[in-house]
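Colleague: Have a peek at structure.txt (compact mmCIF, C-alpha atoms and all ligand atoms).
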# COMPACT_ATOMS: atom_id res chain seq x y z
CA MET A 282 -16.79 -2.55 40.60
CA THR A 283 -13.80 -1.47 38.53
CA LEU A 284 -13.93 -2.01 34.82
CA ARG A 285 -11.09 -1.46 32.45
CA ALA A 286 -9.79 -2.54 29.08
CA ALA A 287 -8.04 -5.91 28.96
CA SER A 288 -4.56 -4.48 28.58
CA PRO A 289 -3.00 -1.01 28.78
CA GLY A 290 -2.37 -0.61 25.05
CA GLN A 291 -5.80 -1.90 24.19
CA ARG A 292 -8.01 0.98 23.18
CA ALA A 293 -10.87 0.93 20.80
CA ALA A 294 -9.75 3.21 18.04
CA GLN A 295 -11.45 5.00 15.23
CA VAL A 296 -9.34 4.60 12.12
CA ALA A 297 -8.71 7.16 9.44
CA GLU A 298 -9.06 5.83 5.91
CA PRO A 299 -5.77 4.07 5.24
CA LEU A 300 -3.77 4.86 2.14
CA VAL A 301 -3.83 1.78 -0.06
CA ILE A 302 -1.58 2.12 -3.08
CA ALA A 303 -3.11 0.33 -6.03
CA ILE A 304 -2.16 0.72 -9.68
CA ALA A 305 -2.32 -2.85 -10.93
CA PRO A 306 -5.74 -4.05 -12.18
CA PRO A 307 -6.07 -6.92 -9.64
CA MET A 308 -5.56 -4.47 -6.77
CA LEU A 309 -7.95 -1.93 -8.25
CA SER A 310 -10.61 -4.58 -8.57
CA LEU A 311 -9.91 -5.79 -5.01
CA LEU A 312 -10.41 -2.25 -3.69
CA ALA A 313 -13.62 -1.90 -5.66
CA SER A 314 -14.92 -5.15 -4.11
CA ALA A 315 -13.78 -4.06 -0.66
CA LYS A 316 -15.66 -0.79 -1.02
CA ARG A 317 -18.80 -2.57 -2.20
CA VAL A 318 -18.74 -5.08 0.61
CA ALA A 319 -17.98 -2.37 3.17
CA ALA A 320 -21.43 -0.93 2.64
CA VAL A 321 -23.17 -4.10 3.84
CA GLN A 322 -22.82 -6.04 7.08
CA ALA A 323 -21.44 -9.27 5.60
CA LYS A 324 -18.57 -10.95 7.40
CA VAL A 325 -15.42 -10.86 5.32
CA LEU A 326 -12.47 -13.21 5.21
CA VAL A 327 -9.32 -11.58 3.83
CA THR A 328 -6.65 -14.02 2.64
CA GLY A 329 -3.20 -13.56 1.20
CA GLU A 330 0.45 -14.17 1.87
CA SER A 331 2.31 -12.60 4.74
CA GLY A 332 2.88 -8.82 4.43
CA VAL A 333 0.60 -8.46 1.44
CA GLY A 334 -1.77 -5.90 3.00
CA LYS A 335 -4.56 -7.92 4.67
CA ASP A 336 -4.57 -5.71 7.74
CA LEU A 337 -4.74 -2.65 5.51
CA ILE A 338 -7.70 -4.04 3.57
CA ALA A 339 -9.54 -4.80 6.83
CA ARG A 340 -9.07 -1.17 7.89
CA TYR A 341 -10.10 0.02 4.45
CA ILE A 342 -13.36 -1.96 4.72
CA HIS A 343 -14.09 -0.49 8.12
CA ALA A 344 -13.25 3.05 7.01
CA HIS A 345 -15.69 2.74 4.09
CA SER A 346 -18.44 1.13 6.11
CA PRO A 347 -21.36 2.79 7.89
CA ARG A 348 -19.48 1.86 11.08
CA ALA A 349 -16.51 4.06 10.24
CA ARG A 350 -17.13 6.40 13.18
CA ALA A 351 -17.31 3.49 15.62
CA PRO A 352 -14.24 1.58 16.84
CA PHE A 353 -12.04 -0.72 14.79
CA VAL A 354 -10.50 -3.26 17.16
CA ALA A 355 -7.85 -5.74 16.08
CA VAL A 356 -6.99 -8.99 17.82
CA ASN A 357 -4.08 -11.16 16.76
CA CYS A 358 -5.29 -14.70 17.38
CA ALA A 359 -1.80 -16.12 16.92
CA GLY A 360 0.11 -14.19 19.51
CA LEU A 361 -1.78 -15.34 22.61
CA SER A 362 -2.35 -18.53 24.58
CA GLU A 363 -5.87 -19.94 24.50
CA THR A 364 -6.74 -18.53 27.97
CA LEU A 365 -5.37 -15.09 27.20
CA LEU A 366 -7.12 -14.95 23.85
CA GLU A 367 -10.43 -15.84 25.47
CA SER A 368 -9.88 -13.09 28.03
CA GLU A 369 -8.83 -10.59 25.32
CA LEU A 370 -11.95 -11.31 23.30
CA PHE A 371 -14.58 -11.73 25.99
CA GLY A 372 -13.01 -10.01 29.04
CA HIS A 373 -12.77 -11.52 32.51
CA VAL A 374 -14.08 -11.03 36.01
CA ARG A 375 -12.01 -10.16 39.02
CA GLY A 376 -10.27 -13.15 40.56
CA SER A 377 -10.83 -15.39 37.57
CA TYR A 378 -7.09 -15.99 37.45
CA THR A 379 -3.93 -14.72 39.13
CA ASN A 380 -3.44 -11.01 38.44
CA ALA A 381 -7.08 -10.58 37.42
CA HIS A 382 -7.48 -7.70 39.87
CA CYS A 383 -10.60 -6.21 38.40
CA ASP A 384 -13.41 -6.90 35.97
CA THR A 385 -12.14 -6.30 32.47
CA MET A 386 -13.94 -5.61 29.24
CA GLY A 387 -12.96 -7.71 26.23
CA ARG A 388 -12.27 -6.49 22.75
CA LEU A 389 -15.55 -7.71 21.34
CA GLN A 390 -17.34 -5.39 23.72
CA LEU A 391 -14.91 -2.56 22.99
CA ALA A 392 -15.75 -2.94 19.32
CA ASN A 393 -19.50 -2.60 19.93
CA HIS A 394 -21.17 -0.95 16.88
CA GLY A 395 -17.83 -1.09 15.08
CA THR A 396 -15.62 -3.75 13.53
CA ILE A 397 -13.56 -6.50 15.14
CA PHE A 398 -10.60 -7.67 13.09
CA LEU A 399 -9.63 -11.25 13.87
CA ASP A 400 -6.12 -11.48 12.48
CA GLU A 401 -4.57 -14.91 11.89
CA VAL A 402 -7.91 -16.56 12.62
CA GLY A 403 -6.52 -19.92 11.41
CA GLU A 404 -4.40 -20.13 14.55
CA MET A 405 -7.36 -20.41 16.94
CA SER A 406 -7.52 -23.55 19.05
CA PRO A 407 -10.56 -25.85 18.66
CA ARG A 408 -12.01 -24.54 21.92
CA MET A 409 -11.63 -20.90 20.85
CA GLN A 410 -13.19 -21.76 17.49
CA ALA A 411 -16.20 -23.16 19.39
CA LEU A 412 -16.45 -20.03 21.58
CA LEU A 413 -16.23 -17.76 18.56
CA LEU A 414 -18.89 -19.75 16.74
CA ARG A 415 -21.21 -19.46 19.74
CA PHE A 416 -20.63 -15.70 19.84
CA LEU A 417 -21.34 -15.39 16.11
CA GLU A 418 -24.65 -17.13 16.67
CA ASN A 419 -25.94 -15.10 19.61
CA GLY A 420 -23.70 -12.00 19.96
CA GLU A 421 -23.49 -12.64 23.72
CA ILE A 422 -20.50 -11.82 25.86
CA GLN A 423 -19.68 -14.10 28.73
CA ARG A 424 -16.52 -13.07 30.53
CA VAL A 425 -13.92 -15.55 31.69
CA GLY A 426 -14.78 -16.55 35.26
CA SER A 427 -18.44 -15.64 34.96
CA ASP A 428 -21.39 -17.88 34.18
CA SER A 429 -23.74 -15.14 33.14
CA VAL A 430 -24.05 -13.07 30.01
CA VAL A 431 -22.82 -9.54 30.61
CA ALA A 432 -23.82 -7.94 27.33
CA ARG A 433 -24.97 -8.48 23.79
CA VAL A 434 -22.90 -6.66 21.26
CA ASP A 435 -23.24 -5.68 17.65
CA VAL A 436 -19.94 -6.03 15.85
CA ARG A 437 -18.96 -6.61 12.28
CA ILE A 438 -16.43 -9.41 11.83
CA VAL A 439 -13.53 -9.14 9.43
CA ALA A 440 -11.05 -12.02 9.70
CA ALA A 441 -7.73 -12.62 7.99
CA THR A 442 -5.37 -15.50 7.47
CA ASN A 443 -2.44 -16.56 5.35
CA ARG A 444 -3.40 -20.22 5.86
CA ASP A 445 -5.51 -22.34 3.52
CA LEU A 446 -8.59 -22.72 5.73
CA THR A 447 -10.31 -25.09 3.32
CA LYS A 448 -7.37 -27.45 3.58
CA MET A 449 -7.36 -26.99 7.35
CA VAL A 450 -11.03 -28.03 7.37
CA ALA A 451 -10.17 -31.11 5.30
CA ASP A 452 -7.36 -31.91 7.75
CA GLY A 453 -9.69 -31.51 10.72
CA GLN A 454 -7.87 -28.43 12.06
CA PHE A 455 -10.55 -25.82 11.46
CA ARG A 456 -14.30 -26.04 11.96
CA GLU A 457 -16.21 -26.10 8.71
CA ASP A 458 -19.25 -24.39 10.29
CA LEU A 459 -17.02 -21.55 11.53
CA LEU A 460 -15.41 -21.18 8.11
CA TYR A 461 -18.84 -20.73 6.51
CA ARG A 462 -19.78 -18.15 9.13
CA ILE A 463 -16.69 -15.98 8.71
CA LYS A 464 -16.32 -16.37 4.94
CA VAL A 465 -19.56 -14.86 3.73
CA VAL A 466 -17.42 -12.70 1.43
CA HIS A 467 -13.89 -13.73 0.50
CA LEU A 468 -11.30 -11.13 -0.57
CA HIS A 469 -7.91 -12.38 -1.68
CA VAL A 470 -5.00 -9.94 -1.73
CA PRO A 471 -2.66 -10.96 -4.57
CA PRO A 472 1.05 -11.31 -3.81
CA LEU A 473 3.27 -8.45 -4.94
CA ARG A 474 5.00 -10.58 -7.58
CA GLU A 475 1.65 -10.82 -9.39
CA ARG A 476 1.28 -7.04 -9.54
CA PRO A 477 4.68 -5.56 -10.45
CA ASP A 478 2.91 -2.42 -11.68
CA ASP A 479 2.31 -1.50 -8.04
CA ILE A 480 6.00 -1.61 -7.18
CA PRO A 481 7.17 1.80 -8.49
CA ALA A 482 4.33 3.56 -6.67
CA LEU A 483 4.96 1.60 -3.45
CA VAL A 484 8.66 2.40 -3.70
CA GLN A 485 8.03 6.10 -4.34
CA HIS A 486 5.64 6.23 -1.41
CA ALA A 487 8.15 4.54 0.89
CA LEU A 488 10.90 6.89 -0.30
CA GLY A 489 8.60 9.87 0.18
CA ARG A 490 7.83 8.83 3.75
CA SER A 491 11.52 8.85 4.53
CA GLY A 492 11.65 12.55 3.66
CA GLY A 493 15.08 12.11 2.00
CA GLY A 494 15.95 12.96 -1.57
CA CYS A 495 16.95 9.45 -2.59
CA VAL A 496 16.02 8.33 -6.14
CA LEU A 497 16.39 4.99 -7.88
CA THR A 498 17.96 4.52 -11.27
CA PRO A 499 15.65 2.87 -13.84
CA GLU A 500 17.79 -0.29 -13.64
CA ALA A 501 17.40 -0.43 -9.86
CA MET A 502 13.64 -0.03 -10.20
CA ASP A 503 13.63 -2.81 -12.81
CA ALA A 504 15.42 -5.09 -10.39
CA LEU A 505 12.84 -4.36 -7.72
CA GLN A 506 10.06 -5.16 -10.19
CA ARG A 507 11.53 -8.51 -11.18
CA TYR A 508 12.18 -9.63 -7.62
CA THR A 509 9.61 -12.10 -6.27
CA TRP A 510 9.05 -10.43 -2.86
CA PRO A 511 8.31 -13.42 -0.62
CA GLY A 512 7.63 -10.98 2.23
CA ASN A 513 5.50 -8.76 -0.05
CA VAL A 514 4.92 -5.09 0.80
CA ARG A 515 6.38 -5.37 4.28
CA GLU A 516 9.61 -6.69 2.78
CA LEU A 517 9.57 -3.90 0.20
CA HIS A 518 9.33 -1.34 3.00
CA ASN A 519 12.26 -2.97 4.77
CA VAL A 520 14.36 -2.98 1.60
CA ILE A 521 13.64 0.70 0.98
CA GLU A 522 14.53 1.55 4.56
CA GLN A 523 17.78 -0.37 4.13
CA ILE A 524 18.53 1.41 0.86
CA ILE A 525 17.85 4.83 2.35
CA SER A 526 20.08 4.22 5.33
CA PHE A 527 22.99 3.36 3.04
CA ALA A 528 22.37 5.65 0.09
CA GLY A 529 21.36 8.86 1.87
CA ASN A 530 20.41 11.32 -0.84
CA ALA A 531 22.38 9.67 -3.62
CA ALA A 532 20.94 7.96 -6.70
CA VAL A 533 20.48 4.27 -5.92
CA THR A 534 21.89 1.87 -8.48
CA VAL A 535 21.41 -1.88 -8.85
CA ASP A 536 24.64 -2.37 -6.93
CA ASP A 537 23.12 -0.64 -3.90
CA LEU A 538 20.27 -3.14 -3.67
CA PRO A 539 20.33 -6.01 -1.17
CA ARG A 540 21.86 -9.20 -2.53
CA SER A 541 18.52 -11.09 -2.50
CA VAL A 542 17.00 -8.54 -4.87
CA MET A 543 20.01 -8.47 -7.20
CA THR A 544 20.05 -12.22 -7.71
CA ALA A 545 16.54 -12.36 -9.21
CA ALA A 546 16.09 -13.87 -12.70
CA PRO A 547 17.61 -11.67 -15.40
CA GLY A 548 15.05 -12.40 -18.14
CA THR A 549 12.33 -10.57 -16.29
CA VAL A 550 14.36 -7.38 -16.14
CA THR A 551 14.39 -6.98 -19.84
CA ARG A 552 10.70 -7.67 -20.18
CA THR A 553 9.77 -5.27 -17.39
CA ARG A 554 12.11 -2.60 -18.66
CA GLU A 555 10.79 -2.97 -22.17
CA ARG A 556 7.20 -2.67 -21.00
CA ARG A 557 7.95 0.46 -18.96
CA ARG A 558 10.03 1.98 -21.73
CA GLN A 559 7.07 1.49 -23.97
CA VAL A 560 4.75 3.47 -21.70
CA SER A 561 7.11 6.42 -21.43
CA ASP A 562 7.99 6.23 -25.14
CA ASP A 563 4.32 6.35 -26.10
CA ILE A 564 3.75 9.37 -23.87
CA TYR A 565 6.86 11.09 -25.17
CA ASP A 566 5.82 10.54 -28.80
CA ALA A 567 2.30 11.77 -28.08
CA LEU A 568 3.63 14.97 -26.49
CA VAL A 569 6.11 15.71 -29.23
CA SER A 570 3.55 15.05 -31.95
CA ARG A 571 0.99 17.24 -30.14
CA GLU A 572 -1.35 14.28 -29.80
CA TYR A 573 -1.18 14.86 -26.04
CA ASP A 574 -1.37 18.20 -24.30
CA PHE A 575 0.98 18.18 -21.30
CA TRP A 576 -1.57 19.56 -18.83
CA HIS A 577 -4.74 18.18 -20.23
CA HIS A 578 -3.54 14.65 -20.88
CA LEU A 579 -0.31 13.87 -19.08
CA GLN A 580 -1.00 15.74 -15.86
CA THR A 581 -4.44 14.12 -15.63
CA LEU A 582 -3.07 10.63 -16.29
CA PHE A 583 -0.41 11.22 -13.67
CA MET A 584 -2.79 12.56 -11.02
CA ASN A 585 -5.09 9.57 -11.62
CA ARG A 586 -2.05 7.36 -11.14
CA ASP A 587 -2.43 5.86 -14.63
CA VAL A 588 1.10 7.09 -15.25
CA THR A 589 3.70 6.51 -12.57
CA ARG A 590 6.31 8.94 -11.34
CA HIS A 591 8.87 6.70 -12.94
CA ASP A 592 7.14 6.97 -16.34
CA LEU A 593 7.02 10.75 -16.08
CA ARG A 594 10.69 10.92 -15.16
CA GLU A 595 11.48 8.74 -18.16
CA VAL A 596 9.59 11.15 -20.42
CA VAL A 597 11.56 14.08 -18.97
CA ARG A 598 14.78 12.14 -19.26
CA ARG A 599 14.13 11.37 -22.91
CA GLY A 600 13.29 14.98 -23.57
CA LEU A 601 16.45 16.20 -21.85
CA GLN A 602 18.50 13.91 -24.08
CA VAL A 603 17.03 15.72 -27.04
CA THR A 604 17.42 19.22 -25.59
CA ALA A 605 20.90 18.56 -24.18
CA GLY A 606 19.72 19.12 -20.63
CA SER A 607 17.69 22.28 -21.25
CA TYR A 608 14.38 22.50 -19.42
CA ARG A 609 13.48 25.54 -21.49
CA GLY A 610 14.02 23.35 -24.53
CA LEU A 611 11.63 20.79 -23.02
CA VAL A 612 8.87 23.39 -22.89
CA VAL A 613 9.38 23.89 -26.60
CA LEU A 614 9.67 20.20 -27.36
CA PHE A 615 6.49 19.30 -25.46
CA HIS A 616 4.54 22.24 -26.91
CA ILE A 617 3.89 23.76 -23.51
CA ASP A 618 2.93 27.44 -23.51
CA PRO A 619 6.20 29.31 -22.76
CA LEU A 620 4.35 31.33 -20.13
CA ASP A 621 3.83 28.05 -18.25
CA TYR A 622 7.56 27.40 -17.92
CA LYS A 623 7.57 28.05 -14.19
CA ARG A 624 4.38 26.05 -13.69
CA PHE A 625 6.02 23.17 -15.54
CA LEU A 626 9.10 23.30 -13.30
CA ASN A 627 6.95 23.51 -10.19
CA PHE A 628 4.87 20.56 -11.30
CA LEU A 629 7.97 18.40 -11.79
CA SER A 630 9.48 19.50 -8.48
CA THR A 631 6.28 18.99 -6.51
CA HIS A 632 5.95 15.43 -7.78
CA ASP A 633 9.60 14.63 -7.46
CA CYS A 634 9.95 14.09 -11.20
CA ARG A 635 12.86 16.39 -11.71
CA VAL A 636 15.84 14.85 -13.42
CA ASP A 637 19.36 16.17 -13.04
CA PHE A 638 20.05 18.03 -16.29
CA ARG A 639 23.84 17.92 -15.91
CA GLU A 640 24.40 14.46 -17.33
CA PHE A 641 22.71 15.62 -20.55
CA ARG A 642 24.66 18.85 -20.91
CA ALA A 643 27.53 17.26 -22.82
CA MET A 644 25.14 15.86 -25.42
CA ARG A 645 24.40 17.65 -28.65
CA PRO A 646 20.84 18.84 -28.75
CA THR A 647 18.94 17.04 -31.50
CA VAL A 648 15.78 19.07 -31.74
CA VAL A 649 16.08 22.51 -30.22
CA ALA A 650 19.26 23.19 -32.18
CA ARG A 651 17.51 22.82 -35.50
CA PRO A 652 15.78 25.87 -36.97
CA SER A 653 12.54 25.94 -35.12
CA PRO A 654 9.66 28.31 -34.56
CA PHE A 655 10.25 27.65 -30.87
CA ALA A 656 13.66 29.22 -30.65
CA ARG A 657 15.10 29.61 -27.16
CA ALA A 658 14.48 33.31 -27.33
CA SER A 659 10.76 32.68 -27.61
CA VAL A 660 10.72 31.33 -24.06
CA PRO A 661 10.71 34.25 -21.67
CA SER A 662 13.55 34.33 -19.21
CA ASP A 663 12.45 33.12 -15.84
CA PRO A 664 13.65 34.06 -12.36
CA LEU A 665 13.83 30.38 -11.41
CA PRO A 666 17.23 29.08 -12.51
CA ILE A 667 17.36 25.58 -13.98
CA ALA A 668 19.87 24.68 -11.29
CA ASP A 669 16.98 24.87 -8.82
CA LEU A 670 15.70 21.70 -10.37
CA VAL A 671 18.54 19.50 -9.33
N1 LIG B 1 -1.24 -1.45 -1.14
C1 LIG B 1 -0.54 -0.92 -0.12
N2 LIG B 1 -0.33 0.40 -0.08
C2 LIG B 1 0.39 0.96 0.92
N3 LIG B 1 0.94 0.26 1.93
C3 LIG B 1 0.74 -1.07 1.95
C4 LIG B 1 0.00 -1.72 0.93
N4 LIG B 1 -0.05 -3.04 1.21
C5 LIG B 1 0.63 -3.20 2.35
N5 LIG B 1 1.11 -2.03 2.81
C6 LIG B 1 1.92 -1.82 4.02
O1 LIG B 1 2.75 -2.98 4.16
C7 LIG B 1 2.84 -3.37 5.51
C8 LIG B 1 2.28 -4.78 5.67
O2 LIG B 1 0.88 -4.76 5.41
P1 LIG B 1 -0.16 -5.54 6.34
O3 LIG B 1 0.24 -5.50 7.76
O4 LIG B 1 -1.53 -5.04 6.01
O5 LIG B 1 0.05 -6.99 5.76
P2 LIG B 1 -0.60 -8.36 6.26
O6 LIG B 1 -1.03 -9.09 5.04
O7 LIG B 1 -1.63 -8.09 7.29
O8 LIG B 1 0.67 -9.07 6.89
P3 LIG B 1 0.71 -10.34 7.91
O9 LIG B 1 0.32 -11.55 7.11
O10 LIG B 1 2.12 -10.40 8.33
O11 LIG B 1 -0.25 -10.04 9.02
C9 LIG B 1 2.06 -2.33 6.31
O12 LIG B 1 2.97 -1.34 6.73
C10 LIG B 1 1.10 -1.75 5.29
O13 LIG B 1 0.73 -0.44 5.62
MG MG B 2 -1.69 -8.71 9.35
Would you write out, as structure tokens, the structure that this file holds?
Modeller:
Amino acid sequence: MTLRAASPGQRAAQVAEPLVIAIAPPMLSLLASAKRVAAVQAKVLVTGESGVGKDLIARYIHAHSPRARAPFVAVNCAGLSETLLESELFGHVRGSYTNAHCDTMGRLQLANHGTIFLDEVGEMSPRMQALLLRFLENGEIQRVGSDSVVARVDVRIVAATNRDLTKMVADGQFREDLLYRIKVVHLHVPPLRERPDDIPALVQHALGRSGGGCVLTPEAMDALQRYTWPGNVRELHNVIEQIISFAGNAAVTVDDLPRSVMTAAPGTVTRTRERRRQVSDDIYDALVSREYDFWHHLQTLFMNRDVTRHDLREVVRRGLQVTAGSYRGLVVLFHIDPLDYKRFLNFLSTHDCRVDFREFRAMRPTVVARPSPFARASVPSDPLPIADLV
């Protein structure tokens, strides 16, 4: 007897812990819940709009569960006809239909001891819903074309949908008993428009993945934060890809953004910009007044992602306005030990927070020019030229 997986690309895969970017409180609390629920066996229903990260959360749960070393197997319940979906889930025996040349293992069996992710579970036909319910009750696998049970499997179920299953139950489109079985724990992924604080970090990550040196002006980032993102994170990735392909390594302005993003409501821009300005202004003031130590406070906040790359750049930008583009002056202004000048430059470069000093060169310095105990001469000359920063 030959036995193989249901389709060539179908392999049970162990997943590495996925990177889930979360800065906004609702996402942080979602991740905390996901981690908690991962530790137990409860079935989880993940809901949320299209492209919001449901798949990612399902993988995150698996990666944090005691089953992490066992397979994570995903099935998209929407993409297949009823017969194919049954065969994908339960497998089939040779000759059960045309082209069924050998006995084939289904994905539920492939996921044994691991997690099965039933994506778009709301799209299952009534018959498939009944088959799934039966499986949830007894864990038995009966392949298409066979009337005997071939195996009992132990899988954890994580399901996802962007449909309102409760309404579907009320409309008679989804079985209430199945809903109760799959929704022991419910995790809702909020849409991106409800967590604009995540946008700068998601954008930076997407830009970083591209490997290019493209940066967004603060106004362009504001526009991205006020846009409503109907396609959520997936759409954001597409927009960034589009931007990169047009902008190359240049600074991206509002005019470079796709039309849909640019036409978002103007009022939000001001509010978002004001809020972000406030964060960077507070940090700047704390550094200048010595309330914050650059390494002890700001670096820690940044590494914990409490301060975004954009905020840090804004702090640098504000400082460069004061020092007329001098990074050595920034060391003085922020009360950084002069011996740490190179470390400071490296830190900014490593985290892509360098700001081109040239636009500030024409300005008159407002702080370093005044008589100060931190005269330029007190900063040792360094082999790394400032031009290396740009
Ligand atoms: N918080 C996040 N951090 C990093 N990447 C994310 C995040 N959320 C979503 N993504 C990325 O966005 C894309 C869409 O996410 P995903 O496929 O998980 O969404 P979905 O809700 O399952 O979408 P659909 O409803 O279309 O199935 C993926 O490339 C995913 O890696
Ligand atoms: Mg998905």
Colleague: Using all atoms listed in the file, which residue out of A:Gly494, A:Thr581, A:Asp562, A:Glu516 lies closest to Gly529 of chain A?
Modeller: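 With all atoms listed in the file as the atom set, the closest residue is A:Gly494.
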Colleague: At a cut-off of 9 Å from (-20.9, 0.2, 9.0) in the coordinates of the file, what residues are picked up using all atoms listed in the file, written as a PyMOL selection string?
Modeller: chain A and resi 319-322+342-351+394-396+437
Colleague: Please give me, as a PyMOL selection string, the residues lying within 9 Å of ligand MG 2 (chain B) when counting all atoms listed in the file.
Modeller: chain A and resi 331-337+357+400-401+441-443
Colleague: Show me which residues are within 10 Å of ligand LIG 1 (chain B) counting all atoms listed in the file, and format the list as a compact mmCIF listing (two decimals) with C-alpha atoms, keeping the file's coordinate frame.
Modeller:
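This went into out_29.txt:
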# COMPACT_ATOMS: atom_id res chain seq x y z
CA PRO A 299 -5.77 4.07 5.24
CA LEU A 300 -3.77 4.86 2.14
CA VAL A 301 -3.83 1.78 -0.06
CA ILE A 302 -1.58 2.12 -3.08
CA ALA A 303 -3.11 0.33 -6.03
CA ILE A 304 -2.16 0.72 -9.68
CA ALA A 305 -2.32 -2.85 -10.93
CA MET A 308 -5.56 -4.47 -6.77
CA LEU A 309 -7.95 -1.93 -8.25
CA LEU A 312 -10.41 -2.25 -3.69
CA VAL A 327 -9.32 -11.58 3.83
CA THR A 328 -6.65 -14.02 2.64
CA GLY A 329 -3.20 -13.56 1.20
CA GLU A 330 0.45 -14.17 1.87
CA SER A 331 2.31 -12.60 4.74
CA GLY A 332 2.88 -8.82 4.43
CA VAL A 333 0.60 -8.46 1.44
CA GLY A 334 -1.77 -5.90 3.00
CA LYS A 335 -4.56 -7.92 4.67
CA ASP A 336 -4.57 -5.71 7.74
CA LEU A 337 -4.74 -2.65 5.51
CA ILE A 338 -7.70 -4.04 3.57
CA ALA A 339 -9.54 -4.80 6.83
CA ARG A 340 -9.07 -1.17 7.89
CA ASN A 357 -4.08 -11.16 16.76
CA ASP A 400 -6.12 -11.48 12.48
CA GLU A 401 -4.57 -14.91 11.89
CA ALA A 441 -7.73 -12.62 7.99
CA THR A 442 -5.37 -15.50 7.47
CA ASN A 443 -2.44 -16.56 5.35
CA ARG A 444 -3.40 -20.22 5.86
CA VAL A 470 -5.00 -9.94 -1.73
CA PRO A 471 -2.66 -10.96 -4.57
CA PRO A 472 1.05 -11.31 -3.81
CA LEU A 473 3.27 -8.45 -4.94
CA ASP A 479 2.31 -1.50 -8.04
CA ILE A 480 6.00 -1.61 -7.18
CA ALA A 482 4.33 3.56 -6.67
CA LEU A 483 4.96 1.60 -3.45
CA VAL A 484 8.66 2.40 -3.70
CA HIS A 486 5.64 6.23 -1.41
CA ALA A 487 8.15 4.54 0.89
CA GLY A 512 7.63 -10.98 2.23
CA ASN A 513 5.50 -8.76 -0.05
CA VAL A 514 4.92 -5.09 0.80
CA ARG A 515 6.38 -5.37 4.28
CA GLU A 516 9.61 -6.69 2.78
CA LEU A 517 9.57 -3.90 0.20
CA HIS A 518 9.33 -1.34 3.00
CA ASN A 519 12.26 -2.97 4.77
Colleague: Interatomic distance between atom CA of Cys383 of chain A and atom CA of Ser368 of chain A?
Modeller: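 About the pair atom CA of Cys383 of chain A and atom CA of Ser368 of chain A: they are 12.5 Å apart.
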Colleague: What is the distance, in Å and to one decimal place, between atom CA of Glu500 of chain A and atom CA of Val533 of chain A?
Modeller: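 One can read the atom CA of Glu500 of chain A to atom CA of Val533 of chain A distance as 9.4 Å.
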Colleague: Find the spatial neighbours of Ile525 of chain A, counting only C-alpha atoms, within a cut-off of 12 Å - ignore same-chain residues fewer than 3 positions away - and output them as a ChimeraX atom specification.
Modeller: /A:484-485,487-497,518-522,528-534,537-539
